[in-house]
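Source file my_file_5.txt; content: compact mmCIF, C-alpha atoms.
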# COMPACT_ATOMS: atom_id res chain seq x y z
CA MET A 1 94.07 111.99 99.19
CA LEU A 2 93.93 108.48 100.64
CA ASP A 3 91.79 105.76 99.09
CA SER A 4 90.46 102.59 100.75
CA LYS A 5 93.52 100.61 99.71
CA ASP A 6 95.87 103.19 101.24
CA ARG A 7 93.86 103.21 104.45
CA ALA A 8 93.93 99.39 104.70
CA ALA A 9 97.74 99.39 104.39
CA LEU A 10 98.04 102.20 106.94
CA ARG A 11 95.76 100.38 109.40
CA PHE A 12 98.06 97.36 109.25
CA ALA A 13 101.23 99.45 109.61
CA GLU A 14 99.78 101.44 112.51
CA LYS A 15 98.90 98.28 114.40
CA LEU A 16 102.38 96.88 113.79
CA CYS A 17 103.90 100.08 115.18
CA LYS A 18 101.56 100.76 118.07
CA ASN A 19 100.06 97.44 119.10
CA TRP A 20 101.96 94.62 117.42
CA PRO A 21 101.17 91.96 120.08
CA GLU A 22 97.53 92.22 119.00
CA LEU A 23 98.15 91.63 115.28
CA GLU A 24 95.98 88.70 114.22
CA PRO A 25 94.63 86.89 111.14
CA GLY A 26 91.86 89.48 110.73
CA ASP A 27 94.47 92.16 110.06
CA TYR A 28 95.78 90.17 107.11
CA ASN A 29 92.24 89.46 105.89
CA GLN A 30 91.46 93.17 105.77
CA LEU A 31 94.56 93.61 103.58
CA ARG A 32 93.33 90.77 101.32
CA GLU A 33 90.19 92.79 100.54
CA PHE A 34 92.38 95.25 98.61
CA PHE A 35 95.65 93.49 97.79
CA THR A 36 96.65 90.31 95.99
CA GLU A 37 98.79 87.90 98.00
CA PRO A 38 102.10 89.09 96.45
CA GLU A 39 101.08 92.73 97.05
CA LEU A 40 100.14 91.89 100.64
CA VAL A 41 103.62 90.43 101.18
CA GLU A 42 105.16 93.64 99.82
CA VAL A 43 103.08 95.89 102.10
CA VAL A 44 103.84 93.72 105.14
CA ILE A 45 107.60 93.48 104.47
CA LEU A 46 107.89 97.20 103.76
CA SER A 47 106.10 97.93 107.05
CA ALA A 48 108.26 95.41 108.91
CA TRP A 49 111.50 96.87 107.55
CA GLN A 50 110.41 100.43 108.20
CA PHE A 51 109.55 99.40 111.77
CA GLY A 52 113.19 98.62 112.55
CA GLY A 53 115.55 99.78 109.81
CA PRO A 54 115.57 103.55 110.38
CA ALA A 55 116.33 103.04 114.09
CA MET A 56 119.59 101.39 113.03
CA LEU A 57 120.63 104.48 111.05
CA THR A 58 119.62 106.73 113.93
CA SER A 59 121.72 104.60 116.29
CA TRP A 60 124.74 105.30 114.09
CA GLY A 61 124.14 109.05 114.44
CA ALA A 62 123.10 109.44 110.79
CA GLU A 63 121.01 112.49 111.66
CA SER A 64 124.14 114.26 112.89
CA TYR A 65 125.21 114.63 109.28
CA LYS A 66 122.10 116.63 108.38
CA ARG A 67 121.39 120.34 108.86
CA ASP A 68 117.71 121.19 109.34
CA GLY A 69 116.80 117.73 108.10
CA ARG A 70 118.86 117.78 104.92
CA VAL A 71 122.34 116.82 103.84
CA VAL A 72 124.57 119.81 103.08
CA LEU A 73 127.56 118.38 101.23
CA GLU A 74 129.80 121.36 101.97
CA ALA A 75 129.22 120.96 105.73
CA LEU A 76 130.34 117.31 105.86
CA PRO A 77 133.75 116.30 107.24
CA VAL A 78 134.60 114.29 104.09
CA ARG A 79 133.83 114.43 100.39
CA LEU A 80 131.16 111.84 99.62
CA ALA A 81 131.49 109.37 96.78
CA TYR A 82 130.39 110.57 93.34
CA ALA A 83 129.40 113.99 94.70
CA GLU A 84 131.29 115.80 91.95
CA VAL A 85 129.76 113.87 89.06
CA ALA A 86 126.31 114.30 90.60
CA LYS A 87 126.74 118.08 90.42
CA THR A 88 127.14 117.88 86.62
CA GLY A 89 123.55 116.72 86.29
CA ALA A 90 124.55 113.66 84.25
CA PRO A 91 121.89 110.95 84.59
CA PRO A 92 122.96 108.15 86.96
CA PRO A 93 123.50 104.64 85.64
CA PRO A 94 120.59 102.26 86.29
CA ILE A 95 120.69 100.24 89.49
CA PRO A 96 121.24 96.62 88.38
CA LYS A 97 118.59 94.02 89.12
CA PRO A 98 119.49 91.76 92.04
CA PRO A 99 120.18 88.08 91.42
CA ILE A 100 117.14 85.92 92.15
CA VAL A 101 117.73 82.67 94.01
CA PRO A 102 115.04 80.03 93.34
CA ILE A 103 112.66 79.61 96.27
CA GLU A 104 113.36 75.86 96.43
CA GLU A 105 117.04 76.58 97.08
CA LEU A 106 116.21 79.11 99.80
CA LEU A 107 113.76 76.72 101.45
CA GLY A 108 116.31 73.90 101.34
CA ARG A 109 118.91 75.98 103.17
CA ALA A 110 116.32 77.21 105.66
CA GLU A 111 115.15 73.67 106.36
CA ARG A 112 118.70 72.54 107.14
CA ARG A 113 119.62 75.46 109.42
CA GLN A 114 116.25 76.81 110.59
CA SER A 115 117.84 80.22 110.21
CA PRO A 116 115.93 81.87 108.65
CA LEU A 117 112.82 79.83 109.15
CA GLU A 118 111.37 77.87 106.27
CA ARG A 119 107.89 78.91 107.38
CA TRP A 120 108.80 82.58 107.14
CA LEU A 121 110.17 82.16 103.63
CA ARG A 122 106.98 80.34 102.64
CA PHE A 123 105.04 83.44 103.74
CA LEU A 124 107.25 85.54 101.45
CA SER A 125 107.11 83.02 98.60
CA PRO A 126 104.16 84.50 96.60
CA HIS A 127 106.29 87.58 95.89
CA PRO A 128 108.50 87.59 92.79
CA PHE A 129 111.73 88.86 94.43
CA LEU A 130 111.30 89.48 98.17
CA PRO A 131 112.09 85.91 99.30
CA SER A 132 115.42 86.22 97.49
CA THR A 133 116.37 89.77 98.51
CA TRP A 134 115.20 89.40 102.12
CA ALA A 135 116.98 86.03 102.49
CA ALA A 136 120.14 87.39 100.83
CA LEU A 137 120.29 90.17 103.42
CA TYR A 138 119.54 87.80 106.31
CA GLU A 139 122.15 85.29 105.13
CA ALA A 140 124.76 88.00 104.58
CA VAL A 141 124.47 89.48 108.04
CA VAL A 142 123.18 86.70 110.33
CA GLU A 143 124.58 83.51 108.84
CA GLY A 144 127.58 85.04 107.07
CA GLY A 145 129.60 88.19 107.60
CA ILE A 146 132.64 89.14 109.65
CA VAL A 147 131.25 89.01 113.21
CA GLU A 148 131.19 85.61 114.94
CA ARG A 149 127.94 83.83 114.08
CA ARG A 150 127.31 83.03 117.76
CA ILE A 151 126.91 86.74 118.51
CA LYS A 152 124.33 87.21 115.76
CA GLN A 153 122.47 84.09 116.91
CA LEU A 154 122.49 85.39 120.50
CA GLN A 155 120.95 88.62 119.20
CA ARG A 156 118.37 86.55 117.35
CA VAL A 157 117.39 84.63 120.50
CA LEU A 158 117.18 87.88 122.49
CA LEU A 159 114.91 89.35 119.83
CA ALA A 160 112.73 86.22 119.84
CA GLU A 161 112.40 86.52 123.62
CA ARG A 162 111.62 90.23 123.51
CA VAL A 163 108.81 89.77 120.97
CA ASN A 164 107.57 86.71 122.86
CA CYS A 165 108.05 84.43 119.88
CA ASP A 166 110.32 81.49 120.74
CA ALA A 167 109.50 80.04 117.33
CA TRP A 168 111.58 82.77 115.63
CA ALA A 169 114.70 81.09 117.08
CA PRO A 170 113.61 77.54 117.92
CA ASP A 171 115.34 75.64 120.72
CA GLY A 172 117.61 72.90 119.46
CA SER A 173 117.67 74.20 115.89
CA PRO A 174 120.94 73.52 114.02
CA ALA A 175 121.83 77.22 113.83
CA LEU A 176 121.62 77.61 117.62
CA VAL A 177 123.29 74.29 118.41
CA ASP A 178 126.18 75.12 116.07
CA ALA A 179 126.57 78.44 117.88
CA GLY A 180 126.66 76.71 121.27
CA ILE A 181 123.41 78.31 122.44
CA GLU A 182 121.47 76.10 124.81
CA ALA A 183 118.72 76.40 127.41
CA ALA A 184 120.93 78.19 129.95
CA GLU A 185 121.81 80.97 127.48
CA ARG A 186 118.19 81.30 126.47
CA LYS A 187 117.07 81.64 130.10
CA ALA A 188 119.74 84.27 130.73
CA LEU A 189 118.64 86.23 127.68
CA ARG A 190 114.99 85.99 128.72
CA ASN A 191 115.93 87.65 132.01
CA PHE A 192 118.51 89.92 130.34
CA ASP A 193 121.06 88.54 132.78
CA LEU A 194 124.26 89.03 130.80
CA LYS A 195 126.95 88.14 133.36
CA SER A 196 127.69 84.73 131.83
CA PHE A 197 128.46 86.26 128.42
CA SER A 198 131.77 87.70 127.22
CA GLU A 199 132.32 91.47 127.12
CA ARG A 200 131.97 91.41 123.35
CA GLU A 201 128.72 89.44 123.53
CA ARG A 202 127.35 91.75 126.20
CA ALA A 203 128.06 94.84 124.12
CA ALA A 204 126.28 93.35 121.08
CA LEU A 205 123.33 92.23 123.19
CA LYS A 206 122.88 95.64 124.83
CA TYR A 207 122.92 97.22 121.36
CA ALA A 208 120.29 94.73 120.15
CA GLU A 209 118.19 95.37 123.26
CA GLY A 210 118.10 99.09 122.46
CA LEU A 211 117.08 98.55 118.84
CA VAL A 212 114.46 95.92 119.66
CA GLY A 213 113.06 97.58 122.77
CA SER A 214 112.62 101.34 122.55
CA GLY A 215 114.41 101.67 119.22
CA GLN A 216 116.81 104.07 120.96
CA VAL A 217 120.43 103.26 121.77
CA ASP A 218 121.99 105.29 124.60
CA ASP A 219 125.38 106.93 124.20
CA ALA A 220 126.82 104.65 126.91
CA VAL A 221 125.64 101.52 125.11
CA PHE A 222 127.05 102.73 121.80
CA ASP A 223 130.33 103.74 123.40
CA GLU A 224 130.66 100.24 124.85
CA LEU A 225 129.82 98.76 121.45
CA LYS A 226 132.63 100.77 119.87
CA THR A 227 135.16 99.46 122.37
CA GLN A 228 134.38 95.91 121.24
CA PHE A 229 133.57 96.19 117.54
CA SER A 230 134.97 97.97 114.48
CA GLU A 231 132.71 100.15 112.34
CA PRO A 232 132.36 97.42 109.65
CA GLU A 233 131.27 95.02 112.38
CA ILE A 234 128.77 97.52 113.84
CA VAL A 235 127.17 97.94 110.41
CA GLU A 236 126.70 94.18 110.24
CA LEU A 237 125.29 93.94 113.77
CA GLY A 238 122.83 96.76 113.07
CA TYR A 239 121.52 95.14 109.91
CA ALA A 240 121.38 91.71 111.61
CA VAL A 241 118.93 93.06 114.18
CA SER A 242 117.02 95.31 111.79
CA VAL A 243 116.23 92.65 109.21
CA GLN A 244 114.52 90.65 111.97
CA ASN A 245 113.06 93.38 114.19
CA GLY A 246 109.72 93.88 112.47
CA ALA A 247 109.78 90.49 110.72
CA ALA A 248 109.74 88.51 113.97
CA ARG A 249 106.69 90.47 115.15
CA VAL A 250 104.89 89.73 111.89
CA PHE A 251 105.91 86.08 112.14
CA ARG A 252 104.45 85.86 115.65
CA SER A 253 101.10 87.08 114.37
CA LEU A 254 101.18 84.64 111.45
CA LEU A 255 101.49 81.76 113.89
CA LYS A 256 98.12 82.75 115.33
CA SER A 257 96.62 81.99 111.91
CA ALA A 258 97.95 78.47 112.21
CA GLU A 259 96.64 77.87 115.73
CA MET B 260 118.49 122.91 118.64
CA GLU B 261 120.82 120.36 120.22
CA GLN B 262 123.41 118.96 117.82
CA ILE B 263 123.20 115.17 117.53
CA ARG B 264 126.49 113.41 118.14
CA ALA B 265 128.16 111.65 115.21
CA ARG B 266 128.69 108.07 116.31
CA MET B 267 130.03 106.54 113.11
CA SER B 268 132.34 108.03 110.51
CA LEU B 269 131.46 108.53 106.85
CA VAL B 270 133.55 106.47 104.44
CA PRO B 271 135.39 109.05 102.28
CA GLY B 272 134.50 109.30 98.62
CA GLU B 273 138.00 108.41 97.41
CA ILE B 274 137.78 105.03 99.12
CA VAL B 275 134.33 104.19 97.74
CA GLU B 276 135.26 105.35 94.23
CA SER B 277 138.44 103.23 94.30
CA TRP B 278 136.24 100.11 94.36
CA LYS B 279 135.06 100.93 90.82
CA ASP B 280 131.85 99.07 91.59
CA PRO B 281 129.08 100.04 89.11
CA GLU B 282 126.32 98.98 91.51
CA VAL B 283 127.69 101.16 94.31
CA GLU B 284 128.13 104.05 91.87
CA ALA B 285 124.52 103.69 90.69
CA HIS B 286 123.22 103.77 94.27
CA PHE B 287 125.28 106.82 95.20
CA ARG B 288 124.51 108.82 92.08
CA THR B 289 120.80 108.02 92.31
CA SER B 290 120.77 109.07 95.96
CA TYR B 291 121.83 112.64 95.06
CA ILE B 292 118.78 112.90 92.79
CA GLU B 293 116.17 110.97 94.79
CA GLY B 294 117.31 112.10 98.24
CA THR B 295 116.16 108.81 99.73
CA PRO B 296 118.30 107.20 100.94
CA PRO B 297 120.60 110.19 101.51
CA PRO B 298 124.20 109.70 100.36
CA THR B 299 125.33 109.99 103.99
CA SER B 300 123.47 106.74 104.81
CA LEU B 301 125.25 105.01 101.94
CA SER B 302 128.55 106.43 103.24
CA LEU B 303 127.85 104.92 106.66
CA ASP B 304 127.01 101.40 105.58
CA ALA B 305 129.90 101.52 103.07
CA HIS B 306 132.05 100.47 106.05
CA ASN B 307 130.90 96.93 105.27
CA ARG B 308 130.65 96.31 101.53
CA ASP B 309 128.96 92.89 101.67
CA THR B 310 126.36 94.14 104.11
CA GLN B 311 125.81 97.29 102.10
CA ARG B 312 125.32 95.34 98.88
CA ALA B 313 122.72 93.00 100.41
CA GLY B 314 121.01 95.75 102.39
CA ARG B 315 120.75 98.23 99.54
CA ARG B 316 119.51 95.58 97.10
CA PHE B 317 116.79 94.61 99.57
CA MET B 318 115.73 98.18 100.33
CA TRP B 319 115.99 99.64 96.84
CA PHE B 320 113.87 96.98 95.19
CA LEU B 321 111.39 96.91 98.07
CA PHE B 322 110.78 100.66 97.86
CA HIS B 323 111.29 101.36 94.15
CA GLU B 324 110.26 98.21 92.29
CA GLY B 325 107.64 95.60 92.91
CA LEU B 326 103.88 95.47 92.68
CA VAL B 327 102.54 98.15 95.00
CA ASP B 328 102.18 101.78 93.91
CA HIS B 329 105.27 103.79 94.90
CA ARG B 330 103.03 106.59 96.20
CA LEU B 331 101.58 104.24 98.84
CA LYS B 332 105.06 103.06 99.81
CA GLU B 333 106.13 106.66 100.39
CA ILE B 334 103.03 107.28 102.52
CA LEU B 335 103.85 104.18 104.58
CA ARG B 336 107.51 105.15 104.93
CA VAL B 337 106.74 108.62 106.22
CA GLN B 338 103.85 107.59 108.45
CA ILE B 339 105.71 104.68 110.07
CA ALA B 340 108.64 107.00 110.83
CA ARG B 341 106.17 109.26 112.67
CA TRP B 342 104.60 106.41 114.60
CA ARG B 343 108.05 105.09 115.52
CA ASP B 344 109.13 108.60 116.55
CA CYS B 345 112.07 108.31 114.19
CA ASP B 346 113.26 111.34 112.23
CA TYR B 347 115.07 109.22 109.74
Would you write the structure of this file as structure tokens?
Amino acid sequence: MLDSKDRAALRFAEKLCKNWPELEPGDYNQLREFFTEPELVEVVILSAWQFGGPAMLTSWGAESYKRDGRVVLEALPVRLAYAEVAKTGAPPPPIPKPPIVPIEELLGRAERRQSPLERWLRFLSPHPFLPSTWAALYEAVVEGGIVERRIKQLQRVLLAERVNCDAWAPDGSPALVDAGIEAAERKALRNFDLKSFSERERAALKYAEGLVGSGQVDDAVFDELKTQFSEPEIVELGYAVSVQNGAARVFRSLLKSAE
Amino acid sequence: MEQIRARMSLVPGEIVESWKDPEVEAHFRTSYIEGTPPPTSLSLDAHNRDTQRAGRRFMWFLFHEGLVDHRLKEILRVQIARWRDCDY
């Protein structure tokens, strides 16, 4: 049975999924009728992650390891970690709390690089742990990681173009300049004209286009991705797009509040 | 029903267990009980340990801790998957 609070959260999530370009300040105000500011951040970030994250797992063929929607351990090609101890029924150890980085430190890094954006982290800042855990993921996969940073920044610019929010990846920002991304690259990405990019860049951009556009990645696109990237690299590329996919759409709507 | 193609391999249990990482062990063992995320998802992103650590910390605490009722989070998770036409 849904109450008014549930329905308010679902209205926001439905608009994000079905009509995100029309998200506006009023959608956040209707959440504020039922949620405190930190709770609102949690509802919005959960919706934004759920918008893009599962598509990443689907793109990896995660569903292929299920039978009738569930995992059957005996049917898998390998033994999964800790499967044997799980069968004993012993209670699992608690999942440790994540380290919390002070918001001032996160904002300082964001101000220097503009990746992620300081303004986005300020939106998250009322929440007790989401600025830290969201930024830790973003920094691990977009700013850090094993794939060249330029490729992740190219994906970021493509995503910004696809959601019609240049401000998500601002021109001339240190992160883009350091990655050698200038107006010509941006124009090419806007038109999805990939001929000036390397084979490796093209493969990563086509993968990002699938996740950001329809949320579906064709076999041909994934096959091309696998010729250019190892599985550890593909995991990183998938997360790099997914952490931003819904977030950039939310960010675009927040800018309307400031207009 | 058409069988979906496996695109990425699962990291075998012996490799993951050799890390002797208590945080990874906690995530895996909890997954067998909770079912969400399934252990196969953990075995996919285990290809990249740093990414897995950051990703699973973000997702676990978003969905299982925090300020909003877990029941509402589950409703949102399931409903958004339907709207996004995503089985996962």
As a compact mmCIF listing (two decimals) with C-alpha atoms, keeping the file's coordinate frame, please: the residues near Ala110 in chain A (cut-off 12 Å, all atoms listed in the file, same-chain neighbours under 3 positions excluded).
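That gives us out24.txt:
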# COMPACT_ATOMS: atom_id res chain seq x y z
CA ILE A 103 112.66 79.61 96.27
CA GLU A 104 113.36 75.86 96.43
CA GLU A 105 117.04 76.58 97.08
CA LEU A 106 116.21 79.11 99.80
CA LEU A 107 113.76 76.72 101.45
CA ARG A 113 119.62 75.46 109.42
CA GLN A 114 116.25 76.81 110.59
CA SER A 115 117.84 80.22 110.21
CA PRO A 116 115.93 81.87 108.65
CA LEU A 117 112.82 79.83 109.15
CA GLU A 118 111.37 77.87 106.27
CA ARG A 119 107.89 78.91 107.38
CA TRP A 120 108.80 82.58 107.14
CA LEU A 121 110.17 82.16 103.63
CA ARG A 122 106.98 80.34 102.64
CA PRO A 131 112.09 85.91 99.30
CA ALA A 135 116.98 86.03 102.49
CA ALA A 136 120.14 87.39 100.83
CA TYR A 138 119.54 87.80 106.31
CA GLU A 139 122.15 85.29 105.13
CA GLU A 143 124.58 83.51 108.84
CA SER A 173 117.67 74.20 115.89
CA PRO A 174 120.94 73.52 114.02
CA ALA A 175 121.83 77.22 113.83
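Ranking A:Leu57, A:Ala203, A:Leu130, A:Val78 by their shortest atom-to-atom distance to Phe322 in chain B, with all atoms listed in the file included, puts A:Leu130 first.
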Asp171 in chain A surroundings by all atoms listed in the file, 10 Å radius, close-in-sequence under 6 positions cut, as an mmCIF file with C-alpha atoms, keeping the file's coordinate frame:
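And here's selection_38.cif as it stands now:
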data_model
loop_
_atom_site.group_PDB
_atom_site.id
_atom_site.type_symbol
_atom_site.label_atom_id
_atom_site.label_comp_id
_atom_site.auth_asym_id
_atom_site.auth_seq_id
_atom_site.Cartn_x
_atom_site.Cartn_y
_atom_site.Cartn_z
ATOM 1 C CA VAL A 157 117.390 84.630 120.500
ATOM 2 C CA VAL A 177 123.290 74.290 118.410
ATOM 3 C CA ILE A 181 123.410 78.310 122.440
ATOM 4 C CA GLU A 182 121.470 76.100 124.810
ATOM 5 C CA ALA A 183 118.720 76.400 127.410
ATOM 6 C CA ARG A 186 118.190 81.300 126.470
#
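Selecting by distance to (124.6, 95.5, 100.7) with a limit of 10 Å and using only C-alpha atoms, one obtains Ala136, Leu137, Ala140, Val141, Glu236 and Tyr239 of chain A; Glu282, Val283, Leu301, Asp304, Ala305, Asn307, Arg308, Asp309, Thr310, Gln311, Arg312, Ala313, Gly314, Arg315, Arg316, Phe317 and Met318 of chain B.
Closest approach to chain B among A:Gln155, A:Ser253, A:Asn19, A:Ser196: A:Asn19, based on all atoms listed in the file.
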| Length of the CA of Trp134 in chain A to CA of Ile45 in chain A vector [Å] | 8.9 Å
